[in-house]
file entry.txt (compact mmCIF, C-alpha atoms and all ligand atoms)
# COMPACT_ATOMS: atom_id res chain seq x y z
CA MET A 11 70.82 1.31 0.01
CA GLU A 12 70.17 -2.39 0.06
CA PRO A 13 73.77 -3.62 -0.46
CA ARG A 14 74.89 -1.32 2.29
CA VAL A 15 72.25 -2.59 4.67
CA ILE A 16 73.11 -6.18 3.83
CA LEU A 17 76.79 -5.51 4.41
CA PHE A 18 75.99 -4.11 7.83
CA CYS A 19 74.02 -7.26 8.41
CA PHE A 20 77.08 -9.46 8.31
CA VAL A 21 79.10 -7.14 10.48
CA PHE A 22 76.51 -6.82 13.20
CA LEU A 23 74.78 -10.15 12.97
CA SER A 24 75.92 -11.21 16.39
CA SER A 25 74.89 -8.07 18.23
CA LEU A 26 71.15 -8.40 18.42
CA LEU A 27 69.51 -5.71 20.46
CA VAL A 28 66.95 -7.09 22.85
CA ASP A 29 66.31 -4.17 25.11
CA THR A 30 63.92 -1.89 23.23
CA LEU A 31 61.17 0.52 24.15
CA ALA A 32 63.18 1.93 27.01
CA TRP A 33 63.62 5.59 27.64
CA PRO A 34 66.99 5.81 29.47
CA PHE A 35 69.85 7.46 27.71
CA GLY A 36 73.26 6.21 26.74
CA ILE A 37 75.13 7.22 29.80
CA GLY A 38 78.63 5.88 29.87
CA GLU A 39 77.56 3.20 27.41
CA GLU A 40 80.41 1.45 25.70
CA ASP A 41 81.20 2.98 22.38
CA GLU A 42 84.24 1.29 20.97
CA TRP A 43 83.88 2.21 17.33
CA LYS A 44 86.85 4.34 16.23
CA GLY A 45 86.20 4.25 12.51
CA LYS A 46 84.64 6.76 10.18
CA TRP A 47 80.87 6.89 9.85
CA PHE A 48 79.95 10.07 8.08
CA PRO A 49 78.77 10.02 4.54
CA GLY A 50 79.94 7.22 2.35
CA ARG A 51 82.85 4.90 2.53
CA GLU A 52 86.05 5.80 0.68
CA GLU A 53 85.46 3.45 -2.23
CA GLU A 54 81.99 4.84 -2.86
CA ILE A 55 81.40 7.31 -5.65
CA ASP A 56 79.42 10.18 -4.23
CA ASN A 57 77.22 11.92 -6.77
CA ASN A 58 75.27 13.90 -4.23
CA GLU A 59 74.81 17.59 -4.49
CA VAL A 60 77.20 19.58 -2.34
CA VAL A 61 75.44 21.55 0.36
CA THR A 62 76.37 25.20 0.19
CA TYR A 63 75.44 26.17 3.71
CA GLN A 64 77.78 28.80 5.13
CA TYR A 65 79.08 27.63 8.47
CA THR A 66 79.69 30.26 11.05
CA LYS A 67 82.98 30.23 12.90
CA LYS A 68 81.16 29.28 16.04
CA GLU A 69 79.60 26.23 14.44
CA LEU A 70 82.90 25.03 13.08
CA HIS A 71 84.99 25.57 16.16
CA ASP A 72 83.96 24.18 19.43
CA ASP A 73 86.50 22.84 21.85
CA LYS A 74 85.05 19.77 23.55
CA HIS A 75 81.51 20.50 22.21
CA GLY A 76 81.05 23.31 24.74
CA ILE A 77 79.19 20.92 27.02
CA LYS A 78 80.44 17.50 27.99
CA MET A 79 78.45 14.66 26.54
CA GLY A 80 77.00 11.65 28.27
CA THR A 81 77.03 13.24 31.71
CA PRO A 82 73.54 13.54 33.19
CA SER A 83 72.91 16.80 34.99
CA ILE A 84 69.68 18.32 36.29
CA HIS A 85 71.15 21.71 35.44
CA CYS A 86 71.54 20.80 31.79
CA ASP A 87 70.19 17.47 30.59
CA ASP A 88 69.39 14.41 32.65
CA GLY A 89 67.08 12.83 30.06
CA LYS A 90 64.08 13.50 32.33
CA VAL A 91 63.63 17.20 32.94
CA ASN A 92 62.35 19.71 30.34
CA LEU A 93 61.78 17.05 27.68
CA GLU A 94 58.85 19.16 26.40
CA GLN A 95 61.46 21.50 24.95
CA ASP A 96 61.83 18.94 22.12
CA TRP A 97 58.43 17.29 22.17
CA LEU A 98 55.10 18.11 23.82
CA ASP A 99 54.11 14.46 24.18
CA ASP A 100 51.61 15.07 21.40
CA PRO A 101 49.95 11.85 20.10
CA THR A 102 49.78 13.48 16.64
CA ASN A 103 53.43 12.60 16.23
CA TYR A 104 52.92 8.86 16.48
CA THR A 105 49.29 8.32 15.43
CA CYS A 106 47.90 7.83 11.95
CA PHE A 107 45.11 10.30 11.24
CA SER A 108 44.88 10.07 7.47
CA ASP A 109 43.92 7.39 4.99
CA LYS A 110 46.48 4.60 5.24
CA ARG A 111 45.90 3.70 1.59
CA LEU A 112 47.71 6.90 0.57
CA TYR A 113 50.83 5.49 2.18
CA LEU A 114 50.85 2.14 0.41
CA PRO A 115 53.98 1.16 -1.55
CA ARG A 116 54.00 2.40 -5.14
CA ASP A 117 56.12 0.94 -7.89
CA ASP A 118 56.52 4.30 -9.63
CA VAL A 119 58.20 5.95 -6.66
CA TYR A 120 61.91 5.50 -6.17
CA PRO A 121 64.01 6.26 -3.11
CA ILE A 122 65.98 9.47 -2.92
CA PHE A 123 69.57 9.28 -1.72
CA THR A 124 71.12 12.43 -0.34
CA ALA A 125 74.22 13.21 1.67
CA ASP A 126 75.32 16.28 3.55
CA HIS A 127 78.97 17.11 3.18
CA ILE A 128 80.18 17.87 6.64
CA PRO A 129 83.46 19.78 6.87
CA ALA A 130 86.27 17.73 8.40
CA HIS A 131 86.60 20.09 11.36
CA TYR A 132 82.91 20.40 12.09
CA SER A 133 82.01 19.63 15.66
CA ALA A 134 78.41 19.84 16.81
CA GLN A 135 77.39 21.87 19.85
CA HIS A 136 75.67 20.33 22.84
CA ARG A 137 72.71 22.36 24.07
CA CYS A 138 71.09 22.05 27.48
CA MET A 139 67.35 21.44 27.84
CA ASN A 140 66.68 25.11 28.61
CA LYS A 141 67.37 25.99 24.98
CA GLN A 142 65.39 25.03 21.88
CA ILE A 143 67.21 23.60 18.89
CA PHE A 144 65.97 24.16 15.35
CA TYR A 145 67.13 22.63 12.10
CA ASP A 146 66.97 23.90 8.53
CA THR A 147 65.68 20.66 7.08
CA ASP A 148 62.92 18.19 7.93
CA ILE A 149 65.39 15.32 8.13
CA PRO A 150 68.57 16.77 9.56
CA THR A 151 71.70 14.61 9.54
CA PHE A 152 73.87 16.75 11.79
CA GLY A 153 73.72 19.86 13.95
CA SER A 154 73.45 20.95 17.56
CA HIS A 155 71.90 18.36 19.81
CA ARG A 156 71.32 17.22 23.36
CA PRO A 157 74.29 16.20 25.51
CA LEU A 158 72.80 12.76 26.28
CA TRP A 159 72.19 10.44 23.35
CA ALA A 160 69.29 8.02 23.42
CA LYS A 161 69.68 4.42 24.35
CA TYR A 162 69.58 2.38 21.14
CA GLY A 163 66.25 0.79 20.33
CA GLU A 164 62.70 1.55 19.34
CA TYR A 165 60.63 4.39 20.75
CA LYS A 166 57.00 5.46 20.80
CA PHE A 167 58.52 8.75 19.68
CA LEU A 168 62.03 10.15 19.93
CA PRO A 169 62.77 13.78 19.01
CA LYS A 170 65.46 14.56 16.46
CA GLN A 171 67.40 16.71 18.94
CA ARG A 172 68.13 13.41 20.64
CA TRP A 173 68.69 10.99 17.76
CA ILE A 174 71.07 13.33 15.96
CA HIS A 175 73.48 12.64 18.78
CA ASN A 176 73.13 8.91 18.09
CA LEU A 177 74.04 9.54 14.44
CA GLU A 178 77.31 11.01 15.64
CA HIS A 179 78.01 7.68 17.34
CA GLY A 180 77.36 5.71 14.17
CA ALA A 181 73.69 4.84 14.58
CA VAL A 182 71.19 4.28 11.81
CA VAL A 183 67.88 5.99 12.51
CA MET A 184 64.78 4.49 10.97
CA LEU A 185 61.97 7.01 10.59
CA TYR A 186 58.55 5.90 9.46
CA HIS A 187 55.31 7.76 9.02
CA PRO A 188 52.61 6.65 11.52
CA CYS A 189 50.38 5.83 8.51
CA ALA A 190 53.02 3.72 6.74
CA ASN A 191 52.00 0.19 5.84
CA ASN A 192 52.41 -2.09 8.88
CA VAL A 193 53.93 -4.94 6.87
CA GLU A 194 56.58 -2.64 5.42
CA VAL A 195 57.30 -1.06 8.80
CA ASP A 196 57.75 -4.47 10.31
CA PHE A 197 59.96 -5.70 7.47
CA LEU A 198 62.36 -2.79 7.84
CA ARG A 199 62.19 -2.96 11.63
CA GLN A 200 63.18 -6.64 11.62
CA LEU A 201 66.04 -6.03 9.22
CA ILE A 202 67.42 -3.23 11.36
CA VAL A 203 66.88 -4.80 14.76
CA ARG A 204 68.49 -8.05 13.66
CA CYS A 205 71.44 -6.51 11.88
CA LEU A 206 72.41 -3.33 13.67
CA TYR A 207 73.19 -2.83 17.30
CA ARG A 208 73.30 0.95 16.97
CA HIS A 209 69.83 1.74 15.77
CA ILE A 210 66.97 4.04 16.63
CA ILE A 211 63.43 3.41 15.38
CA THR A 212 60.80 6.10 15.77
CA PRO A 213 57.67 7.32 13.99
CA TYR A 214 58.05 10.67 12.25
CA ASN A 215 54.91 12.32 10.88
CA VAL A 216 56.81 14.86 8.78
CA LEU A 217 57.50 12.19 6.10
CA THR A 218 55.36 12.19 2.95
CA PRO A 219 52.79 9.63 1.70
CA GLU A 220 55.04 8.92 -1.33
CA ARG A 221 58.08 8.22 0.81
CA PRO A 222 56.93 7.30 4.31
CA PHE A 223 60.34 5.89 5.33
CA ALA A 224 63.78 7.36 5.87
CA LEU A 225 67.03 5.80 6.98
CA VAL A 226 69.40 8.37 8.39
CA THR A 227 73.04 7.70 9.15
C1 LIG A 301 54.50 16.81 15.65
O1 LIG A 301 53.52 16.93 14.66
C2 LIG A 301 53.22 18.27 14.27
C3 LIG A 301 52.02 18.24 13.35
O2 LIG A 301 52.30 17.54 12.18
C4 LIG A 301 54.46 18.88 13.64
O3 LIG A 301 54.22 20.20 13.25
C5 LIG A 301 55.60 18.83 14.64
O4 LIG A 301 56.78 19.29 14.03
C6 LIG A 301 55.80 17.41 15.15
N1 LIG A 301 56.75 17.45 16.25
C7 LIG A 301 57.89 16.77 16.25
C8 LIG A 301 58.67 16.90 17.51
O5 LIG A 301 58.27 16.09 15.32
call {"tool": "encode", "arguments": {"input": "entry.txt", "output": "structure tokens"}}
result
Amino acid sequence: MEPRVILFCFVFLSSLLVDTLAWPFGIGEEDEWKGKWFPGREEEIDNNEVVTYQYTKKELHDDKHGIKMGTPSIHCDDGKVNLEQDWLDDPTNYTCFSDKRLYLPRDDVYPIFTADHIPAHYSAQHRCMNKQIFYDTDIPTFGSHRPLWAKYGEYKFLPKQRWIHNLEHGAVVMLYHPCANNVEVDFLRQLIVRCLYRHIITPYNVLTPERPFALVT
């Protein structure tokens, strides 16, 4: 992971994101990137297990995502109404309630790298805020999501239904457990904020004490 992060560093060095901790969504935000973002670059050898999930026809075929993205609408998603559909504003999701020592770095634990193989014709559905969205895994990398993507930056908490849309636009999402070591959180935060314009940083209490961090892209 490190060489990849460092490479990004050089590419994005000039685009430092200043405006963080804001809630507004990426409405009509410039998104010039035309390149490929999904798993791995061409020259990379991918030894990851192939996901055998059976896609339904509906999931694979979706002209124009069903619902237009990036257009705020009180009838669907304006980034303000029905947010409790994804998150009940529960402090549990950003507060540390257990012993922080359990989350300290350990030299016998190594990172796990995984990749989901997304079919070339896969196109995610946009779901309005009147519908719940569930995922099969704790750290989903793709799937149905909200029509508005979140403004890049750091959040007190940002639900996955929102940041998955940012992934589609090439963002890196940094997830950290609320009990993760502050020095480590800050180290990774600095690296990401300084190197990547398209980033989301949010606590995520579903991560484990052994691996309290995840970078999703
Ligand atoms: C918030 O935390 C609870 C308790 O750990 C968890 O079950 C739930 O999935 C979390 N909610 C979100 C939106 O991550």
call {"tool": "residues_near_ligand", "arguments": {"input": "entry.txt", "ligand": "ligand LIG 301 (chain A)", "cutoff": "10 Å", "atoms": "only C-alpha atoms and all ligand atoms", "output": "PyMOL selection string"}}
result
chain A and resi 94-105+148+167-171+213-217
call {"tool": "closest_residue", "arguments": {"input": "entry.txt", "among": "A:Ser108, A:Ser154, A:Asn192, A:Gln135", "to": "Pro219 (chain A)", "atoms": "all atoms listed in the file"}}
result
A:Ser108
call {"tool": "closest_residue", "arguments": {"input": "entry.txt", "among": "A:Val193, A:Met79, A:Leu93, A:Ala134", "to": "Ile174 (chain A)", "atoms": "all atoms listed in the file"}}
result
A:Ala134
call {"tool": "closest_residue", "arguments": {"input": "entry.txt", "among": "A:Asp87, A:Val182, A:Lys110, A:Arg116", "to": "Arg137 (chain A)", "atoms": "all atoms listed in the file"}}
result
A:Asp87
call {"tool": "atom_distance", "arguments": {"input": "entry.txt", "atom1": "CA of Val119 (chain A)", "atom2": "CA of Glu194 (chain A)"}}
result
14.9 Å
call {"tool": "residues_near_point", "arguments": {"input": "entry.txt", "point": "(77.7, 19.0, 7.4)", "cutoff": "8 Å", "atoms": "all atoms listed in the file", "output": "list in words"}}
result
Val61, Asp126, His127, Ile128, Pro129, Tyr132, Thr151, Phe152 and Gly153 of chain A
call {"tool": "atom_distance", "arguments": {"input": "entry.txt", "atom1": "CA of Lys161 (chain A)", "atom2": "CA of Trp173 (chain A)"}}
result
9.4 Å
call {"tool": "closest_residue", "arguments": {"input": "entry.txt", "among": "A:Ala190, A:Glu178, A:Met184, A:Arg172", "to": "Pro157 (chain A)", "atoms": "only C-alpha atoms"}}
result
A:Arg172
call {"tool": "closest_residue", "arguments": {"input": "entry.txt", "among": "A:Thr124, A:Asn191, A:Gln142, A:Thr212", "to": "Tyr165 (chain A)", "atoms": "only C-alpha atoms"}}
result
A:Thr212
call {"tool": "decode", "arguments": {"input": "entry.txt", "residues": "region 186-203 of chain A", "atoms": "N, CA and C atoms", "output": "compact mmCIF listing (two decimals), in the first residue's frame"}}
result
# COMPACT_ATOMS: atom_id res chain seq x y z
N TYR A 186 -11.25 4.77 10.28
CA TYR A 186 -10.47 4.43 11.48
C TYR A 186 -11.42 4.17 12.63
N HIS A 187 -11.04 3.23 13.47
CA HIS A 187 -11.87 2.93 14.63
C HIS A 187 -11.76 4.09 15.62
N PRO A 188 -12.88 4.47 16.28
CA PRO A 188 -12.81 5.58 17.25
C PRO A 188 -11.79 5.34 18.37
N CYS A 189 -11.43 4.09 18.63
CA CYS A 189 -10.44 3.80 19.68
C CYS A 189 -9.02 3.69 19.14
N ALA A 190 -8.84 3.88 17.83
CA ALA A 190 -7.50 3.76 17.26
C ALA A 190 -6.57 4.80 17.89
N ASN A 191 -5.30 4.47 17.92
CA ASN A 191 -4.28 5.33 18.52
C ASN A 191 -4.24 6.70 17.82
N ASN A 192 -4.35 7.75 18.63
CA ASN A 192 -4.42 9.11 18.07
C ASN A 192 -3.23 9.48 17.19
N VAL A 193 -2.05 9.04 17.59
CA VAL A 193 -0.85 9.37 16.82
C VAL A 193 -0.91 8.72 15.44
N GLU A 194 -1.36 7.48 15.41
CA GLU A 194 -1.49 6.77 14.13
C GLU A 194 -2.58 7.40 13.26
N VAL A 195 -3.70 7.74 13.89
CA VAL A 195 -4.80 8.36 13.15
C VAL A 195 -4.29 9.65 12.51
N ASP A 196 -3.57 10.42 13.30
CA ASP A 196 -3.10 11.70 12.80
C ASP A 196 -2.05 11.55 11.71
N PHE A 197 -1.21 10.54 11.84
CA PHE A 197 -0.19 10.28 10.82
C PHE A 197 -0.84 9.98 9.47
N LEU A 198 -1.80 9.08 9.49
CA LEU A 198 -2.47 8.70 8.24
C LEU A 198 -3.31 9.86 7.70
N ARG A 199 -3.95 10.57 8.60
CA ARG A 199 -4.76 11.73 8.22
C ARG A 199 -3.89 12.76 7.48
N GLN A 200 -2.74 13.07 8.05
CA GLN A 200 -1.84 14.06 7.44
C GLN A 200 -1.40 13.62 6.05
N LEU A 201 -1.04 12.35 5.96
CA LEU A 201 -0.58 11.80 4.68
C LEU A 201 -1.66 11.97 3.62
N ILE A 202 -2.87 11.62 3.99
CA ILE A 202 -3.97 11.67 3.03
C ILE A 202 -4.38 13.10 2.70
N VAL A 203 -4.53 13.91 3.71
CA VAL A 203 -4.98 15.29 3.48
C VAL A 203 -3.96 16.05 2.63
